[in-house]
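This is protein-v3.tsv. It holds TSV, C-alpha atoms and all ligand atoms.
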chain	number	residue	atom	x	y	z
A	1	MET	CA	-12.61	17.20	-19.57
A	2	THR	CA	-10.39	15.20	-17.25
A	3	ASP	CA	-7.37	13.17	-18.25
A	4	ASP	CA	-9.64	10.12	-18.21
A	5	THR	CA	-11.05	11.17	-21.54
A	6	THR	CA	-9.72	11.42	-25.05
A	7	THR	CA	-9.84	14.63	-27.02
A	8	THR	CA	-13.31	13.55	-28.14
A	9	GLY	CA	-14.40	13.26	-24.52
A	10	ARG	CA	-14.82	9.47	-24.57
A	11	LEU	CA	-14.26	7.74	-21.25
A	12	LEU	CA	-11.08	5.72	-21.09
A	13	LEU	CA	-10.34	3.20	-18.36
A	14	PRO	CA	-11.51	4.03	-14.84
A	15	ARG	CA	-8.69	4.10	-12.31
A	16	GLY	CA	-8.43	1.18	-9.92
A	17	ILE	CA	-8.17	-2.59	-10.15
A	18	PHE	CA	-9.35	-4.65	-13.10
A	19	ILE	CA	-9.62	-8.40	-12.63
A	20	SER	CA	-8.71	-10.60	-15.59
A	21	CYS	CA	-11.22	-13.47	-15.57
A	22	GLN	CA	-9.69	-15.98	-17.95
A	23	ALA	CA	-8.85	-19.66	-17.81
A	24	PRO	CA	-6.36	-21.26	-20.19
A	25	GLU	CA	-7.09	-24.26	-22.45
A	26	GLY	CA	-7.09	-27.42	-20.38
A	27	SER	CA	-8.11	-25.73	-17.14
A	28	PRO	CA	-11.20	-27.18	-15.44
A	29	LEU	CA	-12.17	-23.54	-14.74
A	30	ARG	CA	-12.61	-22.83	-18.45
A	31	ASP	CA	-16.38	-22.41	-18.28
A	32	PRO	CA	-18.37	-19.19	-18.83
A	33	TYR	CA	-20.35	-19.82	-15.62
A	34	VAL	CA	-17.10	-19.82	-13.63
A	35	MET	CA	-15.80	-16.69	-15.38
A	36	VAL	CA	-19.09	-14.84	-14.79
A	37	SER	CA	-18.99	-15.83	-11.11
A	38	LEU	CA	-15.43	-14.52	-10.82
A	39	ALA	CA	-16.47	-11.28	-12.52
A	40	ARG	CA	-19.43	-10.87	-10.15
A	41	ALA	CA	-17.15	-11.45	-7.17
A	42	ALA	CA	-14.67	-8.90	-8.52
A	43	GLU	CA	-17.40	-6.31	-9.02
A	44	LYS	CA	-18.86	-6.89	-5.55
A	45	ALA	CA	-15.37	-6.53	-4.06
A	46	GLY	CA	-14.96	-3.12	-5.69
A	47	ALA	CA	-13.02	-3.83	-8.88
A	48	ALA	CA	-13.17	-1.02	-11.45
A	49	GLY	CA	-13.40	-3.39	-14.41
A	50	ILE	CA	-12.95	-6.85	-15.87
A	51	ARG	CA	-10.72	-8.26	-18.60
A	52	ALA	CA	-12.16	-11.31	-20.37
A	53	GLU	CA	-11.40	-13.55	-23.33
A	54	GLY	CA	-13.65	-14.95	-26.04
A	55	VAL	CA	-17.15	-14.21	-27.23
A	56	LYS	CA	-19.02	-16.46	-24.78
A	57	ASP	CA	-17.25	-15.19	-21.67
A	58	ILE	CA	-17.31	-11.54	-22.75
A	59	SER	CA	-20.99	-11.48	-23.69
A	60	ARG	CA	-22.10	-13.24	-20.49
A	61	ILE	CA	-19.92	-10.97	-18.34
A	62	VAL	CA	-21.12	-7.80	-20.12
A	63	GLU	CA	-24.72	-8.89	-19.49
A	64	THR	CA	-24.00	-9.49	-15.80
A	65	VAL	CA	-21.75	-6.75	-14.44
A	66	ARG	CA	-22.07	-2.98	-14.68
A	67	ILE	CA	-18.34	-2.20	-14.65
A	68	PRO	CA	-16.38	-1.80	-17.91
A	69	VAL	CA	-15.08	-4.91	-19.70
A	70	ILE	CA	-11.84	-5.14	-21.67
A	71	GLY	CA	-12.41	-7.81	-24.31
A	72	ILE	CA	-9.71	-9.84	-25.99
A	73	ARG	CA	-9.62	-12.88	-28.22
A	74	LYS	CA	-6.58	-15.12	-28.04
A	75	LYS	CA	-6.06	-16.84	-31.37
A	76	HIS	CA	-2.94	-18.41	-32.83
A	77	TYR	CA	-2.38	-18.19	-36.59
A	78	GLU	CA	0.37	-20.10	-38.34
A	79	GLY	CA	3.35	-17.94	-39.16
A	80	SER	CA	2.67	-15.18	-36.61
A	81	GLU	CA	3.51	-14.87	-32.92
A	82	VAL	CA	0.73	-12.32	-32.41
A	83	TYR	CA	-2.12	-14.01	-30.51
A	84	ILE	CA	-3.97	-11.32	-28.53
A	85	THR	CA	-6.69	-10.00	-30.84
A	86	PRO	CA	-4.48	-10.44	-33.90
A	87	THR	CA	-6.79	-9.42	-36.78
A	88	ARG	CA	-9.86	-7.38	-37.66
A	89	PHE	CA	-11.89	-10.59	-37.55
A	90	GLU	CA	-11.34	-10.93	-33.78
A	91	VAL	CA	-12.04	-7.19	-33.35
A	92	ASP	CA	-15.48	-7.78	-34.88
A	93	GLU	CA	-16.06	-10.72	-32.54
A	94	ILE	CA	-15.28	-8.64	-29.47
A	95	ALA	CA	-17.35	-5.68	-30.61
A	96	GLY	CA	-20.24	-8.09	-31.27
A	97	ALA	CA	-19.88	-9.52	-27.76
A	98	GLY	CA	-20.48	-6.07	-26.30
A	99	ALA	CA	-17.13	-5.06	-24.74
A	100	GLY	CA	-16.52	-1.31	-24.72
A	101	ILE	CA	-12.76	-1.65	-24.51
A	102	ILE	CA	-10.59	-3.91	-26.63
A	103	ALA	CA	-7.00	-4.96	-25.94
A	104	LEU	CA	-4.72	-6.08	-28.72
A	105	ASP	CA	-1.10	-6.97	-29.32
A	106	ALA	CA	0.53	-3.66	-30.24
A	107	THR	CA	4.07	-4.90	-30.76
A	108	SER	CA	5.78	-4.53	-34.12
A	109	ARG	CA	5.72	-8.29	-34.76
A	110	PRO	CA	4.18	-9.27	-38.11
A	111	ARG	CA	0.43	-9.91	-37.86
A	112	PRO	CA	-1.45	-12.74	-39.56
A	113	GLY	CA	-2.49	-12.08	-43.15
A	114	GLY	CA	-0.13	-9.12	-43.36
A	115	GLU	CA	-2.60	-6.81	-41.60
A	116	THR	CA	-0.96	-3.80	-40.00
A	117	LEU	CA	-1.41	-2.63	-36.42
A	118	GLU	CA	-2.84	0.60	-37.78
A	119	GLU	CA	-5.49	-1.25	-39.81
A	120	VAL	CA	-6.58	-3.30	-36.80
A	121	VAL	CA	-6.63	-0.28	-34.47
A	122	SER	CA	-8.53	1.91	-36.98
A	123	HIS	CA	-11.08	-0.86	-37.40
A	124	ALA	CA	-11.61	-1.07	-33.62
A	125	LYS	CA	-11.91	2.73	-33.31
A	126	ALA	CA	-14.40	2.85	-36.18
A	127	LEU	CA	-16.55	0.41	-34.17
A	128	GLY	CA	-16.45	2.83	-31.22
A	129	LEU	CA	-14.10	0.79	-29.03
A	130	THR	CA	-11.48	2.20	-26.67
A	131	VAL	CA	-8.19	0.52	-27.59
A	132	MET	CA	-5.68	-0.76	-25.06
A	133	ALA	CA	-2.23	-1.54	-26.47
A	134	ASP	CA	-0.72	-4.72	-25.08
A	135	LEU	CA	3.00	-3.87	-25.23
A	136	ALA	CA	6.06	-6.10	-24.76
A	137	ALA	CA	8.46	-3.21	-24.07
A	138	SER	CA	8.40	0.55	-23.59
A	139	GLU	CA	9.94	0.80	-27.07
A	140	ASP	CA	6.65	-0.48	-28.57
A	141	ALA	CA	4.70	2.55	-27.32
A	142	GLY	CA	5.65	5.11	-29.99
A	143	GLN	CA	4.40	3.09	-32.93
A	144	ALA	CA	1.32	1.96	-30.97
A	145	ILE	CA	0.39	5.60	-30.34
A	146	ALA	CA	1.07	6.43	-33.98
A	147	ALA	CA	-1.31	3.60	-34.91
A	148	GLY	CA	-4.03	5.28	-32.83
A	149	VAL	CA	-4.26	3.32	-29.55
A	150	ASP	CA	-5.83	5.03	-26.54
A	151	VAL	CA	-4.09	3.52	-23.48
A	152	LEU	CA	-0.80	1.68	-22.94
A	153	GLY	CA	-0.58	-1.68	-21.15
A	154	THR	CA	2.38	-3.80	-20.04
A	155	THR	CA	0.59	-7.12	-20.69
A	156	LEU	CA	3.24	-8.69	-22.91
A	157	VAL	CA	6.34	-7.61	-20.98
A	158	ALA	CA	8.18	-10.86	-20.30
A	159	ALA	CA	9.73	-11.81	-16.98
A	160	SER	CA	13.28	-10.46	-16.76
A	161	ASP	CA	15.93	-9.42	-14.27
A	162	GLU	CA	14.09	-6.08	-14.04
A	163	ASP	CA	11.24	-7.77	-12.12
A	164	VAL	CA	10.74	-6.66	-8.53
A	165	ARG	CA	11.24	-10.30	-7.50
A	166	PRO	CA	11.68	-13.49	-9.54
A	167	GLY	CA	8.40	-14.01	-11.38
A	168	GLY	CA	7.08	-10.67	-10.08
A	169	PRO	CA	5.91	-7.61	-11.99
A	170	ASN	CA	8.14	-5.28	-13.96
A	171	LEU	CA	7.75	-1.76	-12.55
A	172	ALA	CA	10.58	-0.25	-14.57
A	173	VAL	CA	8.54	-0.44	-17.80
A	174	ILE	CA	5.59	1.28	-16.11
A	175	GLU	CA	7.86	4.05	-14.89
A	176	ARG	CA	9.44	4.50	-18.33
A	177	LEU	CA	6.03	4.64	-20.04
A	178	SER	CA	4.54	7.07	-17.49
A	179	ASN	CA	7.53	9.39	-17.80
A	180	ALA	CA	7.69	9.26	-21.58
A	181	PHE	CA	3.92	9.57	-22.20
A	182	PRO	CA	2.47	11.58	-19.29
A	183	GLU	CA	-0.70	12.30	-21.29
A	184	ARG	CA	-1.51	8.58	-21.69
A	185	GLN	CA	-3.03	6.22	-19.15
A	186	VAL	CA	-0.60	3.42	-18.36
A	187	ILE	CA	-2.23	0.13	-17.44
A	188	ALA	CA	-0.05	-2.17	-15.33
A	189	GLU	CA	-0.64	-5.81	-16.23
A	190	GLY	CA	1.40	-8.96	-15.85
A	191	ARG	CA	2.41	-10.85	-12.70
A	192	PHE	CA	0.83	-8.46	-10.15
A	193	ALA	CA	-0.05	-10.63	-7.17
A	194	THR	CA	-0.09	-8.72	-3.88
A	195	PRO	CA	-1.42	-5.47	-2.37
A	196	SER	CA	2.14	-4.11	-2.24
A	197	ASP	CA	2.67	-4.94	-5.96
A	198	VAL	CA	-0.43	-2.89	-6.73
A	199	GLN	CA	0.69	0.05	-4.58
A	200	ALA	CA	4.10	-0.04	-6.27
A	201	ALA	CA	2.41	0.07	-9.69
A	202	PHE	CA	0.42	3.20	-8.78
A	203	ARG	CA	3.57	4.76	-7.33
A	204	ALA	CA	5.32	4.03	-10.63
A	205	GLY	CA	2.59	5.96	-12.46
A	206	ALA	CA	-0.02	3.35	-13.40
A	207	ALA	CA	-3.62	4.54	-13.74
A	208	THR	CA	-5.05	1.06	-13.39
A	209	VAL	CA	-3.70	-2.39	-12.48
A	210	VAL	CA	-5.01	-5.57	-14.11
A	211	VAL	CA	-4.62	-8.72	-11.99
A	212	GLY	CA	-5.26	-12.19	-13.37
A	213	LYS	CA	-3.77	-15.44	-12.16
A	214	ALA	CA	-3.22	-14.32	-8.55
A	215	VAL	CA	-6.98	-13.82	-8.15
A	216	THR	CA	-8.69	-16.07	-10.66
A	217	ASP	CA	-6.52	-19.07	-11.51
A	218	ALA	CA	-7.08	-21.52	-8.65
A	219	TYR	CA	-5.87	-24.33	-10.92
A	220	ALA	CA	-2.43	-22.76	-11.63
A	221	LEU	CA	-2.05	-21.57	-8.04
A	222	THR	CA	-2.76	-25.05	-6.70
A	223	ARG	CA	-0.26	-26.56	-9.15
A	224	ASP	CA	2.38	-24.09	-7.88
A	225	LEU	CA	1.69	-25.10	-4.28
A	226	VAL	CA	1.74	-28.81	-5.14
A	227	ALA	CA	5.04	-28.37	-6.99
A	228	ALA	CA	6.47	-26.66	-3.90
A	229	ALA	CA	5.27	-29.54	-1.72
A	230	ASP	CA	6.74	-32.00	-4.20
A	231	THR	CA	10.21	-30.59	-3.62
A	232	PHE	CA	9.85	-32.05	-0.10
A	233	ALA	CA	8.41	-35.30	-1.50
A	234	LEU	CA	5.33	-34.63	0.66
A	235	SER	CA	2.49	-34.18	-1.80
A	236	GLY	CA	-0.11	-36.90	-1.58
A	237	SER	CA	1.82	-38.90	1.02
A	238	VAL	CA	0.20	-40.14	4.21
A	239	GLY	CA	1.96	-40.08	7.59
A	301	LIG	C1	0.78	-12.69	-21.62
A	301	LIG	C2	-0.71	-12.99	-21.76
A	301	LIG	O1	-1.08	-13.71	-22.66
A	301	LIG	N1	-1.51	-12.39	-20.86
A	301	LIG	C3	-2.92	-12.64	-20.87
A	301	LIG	C4	-3.66	-11.48	-21.32
A	301	LIG	O2	-4.82	-11.32	-21.33
A	301	LIG	C5	-3.47	-13.31	-19.62
A	301	LIG	O3	-3.16	-14.67	-19.76
A	301	LIG	C6	-2.96	-12.83	-18.25
A	301	LIG	O4	-3.55	-13.65	-17.28
A	301	LIG	C7	-3.31	-11.39	-17.95
A	301	LIG	O5	-2.50	-10.57	-18.73
A	301	LIG	C8	-3.10	-10.97	-16.49
A	301	LIG	O6	-1.79	-11.22	-16.11
A	301	LIG	P1	-1.47	-12.07	-14.78
A	301	LIG	O7	-2.25	-13.36	-14.90
A	301	LIG	O8	0.02	-12.29	-14.80
A	301	LIG	O9	-1.93	-11.24	-13.61

Once you've parsed the file, please lay out its structure as structure tokens.
Amino acid sequence: MTDDTTTTGRLLLPRGIFISCQAPEGSPLRDPYVMVSLARAAEKAGAAGIRAEGVKDISRIVETVRIPVIGIRKKHYEGSEVYITPTRFEVDEIAGAGAGIIALDATSRPRPGGETLEEVVSHAKALGLTVMADLAASEDAGQAIAAGVDVLGTTLVAASDEDVRPGGPNLAVIERLSNAFPERQVIAEGRFATPSDVQAAFRAGAATVVVGKAVTDAYALTRDLVAAADTFALSGSVG
């Protein structure tokens, strides 16, 4: 058994680059055809896996690519800040869509309906899913592991003065997690945008790096460029 497997021998995440093929509400790219095309491009380019949101996107991507898919469902419930796969209901949706890996908010914030992290994780494990913990800080890892998660991700780590550059990834959390939990795969996710970001993540101990916006969100990237042009009052002007 290698360190890519759990004690039961189940394959965890392959090492390499995962591409997060998601488009937010209001984006013209929010269309399963577009997400499947992005996933196909990622696979052809050598990505080790895909992260996708929602039943339609996940099921179409699972049907199309041969690389592993991390499924999530983003859903906001009143009275809870937890929105990435918050309850057992969304776990069932993702399992039904065919993802082999599920990511879920593994912070200690209260979940909708009073469900506990442990209940949601146990439910996912009972359905045979590998569970990725979306953490907001290295301090979240202990209770996530106690709840039964398989791999640790930095998805919910907010931008801070620890970032390698303003708006860039936070490598310090990856380093802290890799040092504290050497037996766990650490998945770097959140604001990775360049080849050197990715190399820095692996140097910091990441097993896998998930990249989203920098690859797949042409809408947000264009808005950023237009906003930069606007600071020179150039955008849309002629002459
Ligand atoms: C915080 C949150 O809700 N993150 C979401 C999780 O699935 C996605 O919106 C991100 O695009 C994804 O994590 C990849 O990150 P980035 O797009 O920065 O490479």

* Near-ligand residues for ligand LIG 301 (chain A), threshold 7 Å, all atoms listed in the file, as a list in words -> Ser20, Gln22, Ile72, Ile84, Thr155, Leu156, Glu189, Gly190, Arg191, Phe192, Ala193, Val210, Val211, Gly212, Lys213 and Ala214 of chain A

* To do: Would you work out the distance separating CA of Ala207 (chain A) from CA of Leu152 (chain A), expressed in Å to one decimal?
  =>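 Rounded to one decimal, the two atoms are 10.0 Å apart.
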
* To do: Skip region 166-170 of chain A itself and residues of its chain fewer than 4 positions away, then list as a ChimeraX atom specification all residues within 12 Å of it, counting all atoms listed in the file.
  => /A:136-138,153-162,174-177,188-194,196-201,204,206,209-211,214

* To do: Kindly give the distance, in Å, that separates CA of Ala97 (chain A) and CA of Met132 (chain A), rounded to a single decimal.
  =>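 Answer for the CA of Ala97 (chain A) to CA of Met132 (chain A) separation: 16.9 Å.
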
* Structure fact -> Atom pair CA of Lys125 (chain A) + CA of Arg66 (chain A), distance 22.0 Å

* To do: May I ask which of the residues A:Asp224, A:Asp105, A:Asp163, A:Asp92 is the closest one to Val149 (chain A), counting only C-alpha atoms?
  =>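 Comparing A:Asp224, A:Asp105, A:Asp163, A:Asp92 against Val149 (chain A), the winner is A:Asp105.
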
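Among the candidate residues A:Ala218, A:Ile58, A:Ile17, A:Ala146, the one lying nearest to Ala45 (chain A) is A:Ile17, with distances computed using all atoms listed in the file.
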
* To do: Using all atoms listed in the file, pick whichever of A:Val62, A:His123, A:Leu12, A:Lys44 has the shortest atom-to-atom distance to Pro32 (chain A).
  => A:Val62

If we count all atoms listed in the file, what is near Ala41 (chain A) at a cut-off of 12 Å, once residues fewer than 5 positions away on the same chain are taken out, given as a CSV table (one decimal) with C-alpha atoms, in the coordinates of the input?
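Listing of part-v9.csv after writing:
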chain,number,residue,atom,x,y,z
A,18,PHE,CA,-9.4,-4.6,-13.1
A,19,ILE,CA,-9.6,-8.4,-12.6
A,20,SER,CA,-8.7,-10.6,-15.6
A,21,CYS,CA,-11.2,-13.5,-15.6
A,34,VAL,CA,-17.1,-19.8,-13.6
A,35,MET,CA,-15.8,-16.7,-15.4
A,36,VAL,CA,-19.1,-14.8,-14.8
A,46,GLY,CA,-15.0,-3.1,-5.7
A,47,ALA,CA,-13.0,-3.8,-8.9
A,48,ALA,CA,-13.2,-1.0,-11.4
A,49,GLY,CA,-13.4,-3.4,-14.4
A,50,ILE,CA,-13.0,-6.8,-15.9
A,61,ILE,CA,-19.9,-11.0,-18.3
A,64,THR,CA,-24.0,-9.5,-15.8
A,65,VAL,CA,-21.8,-6.8,-14.4
A,67,ILE,CA,-18.3,-2.2,-14.6
A,215,VAL,CA,-7.0,-13.8,-8.2
A,216,THR,CA,-8.7,-16.1,-10.7
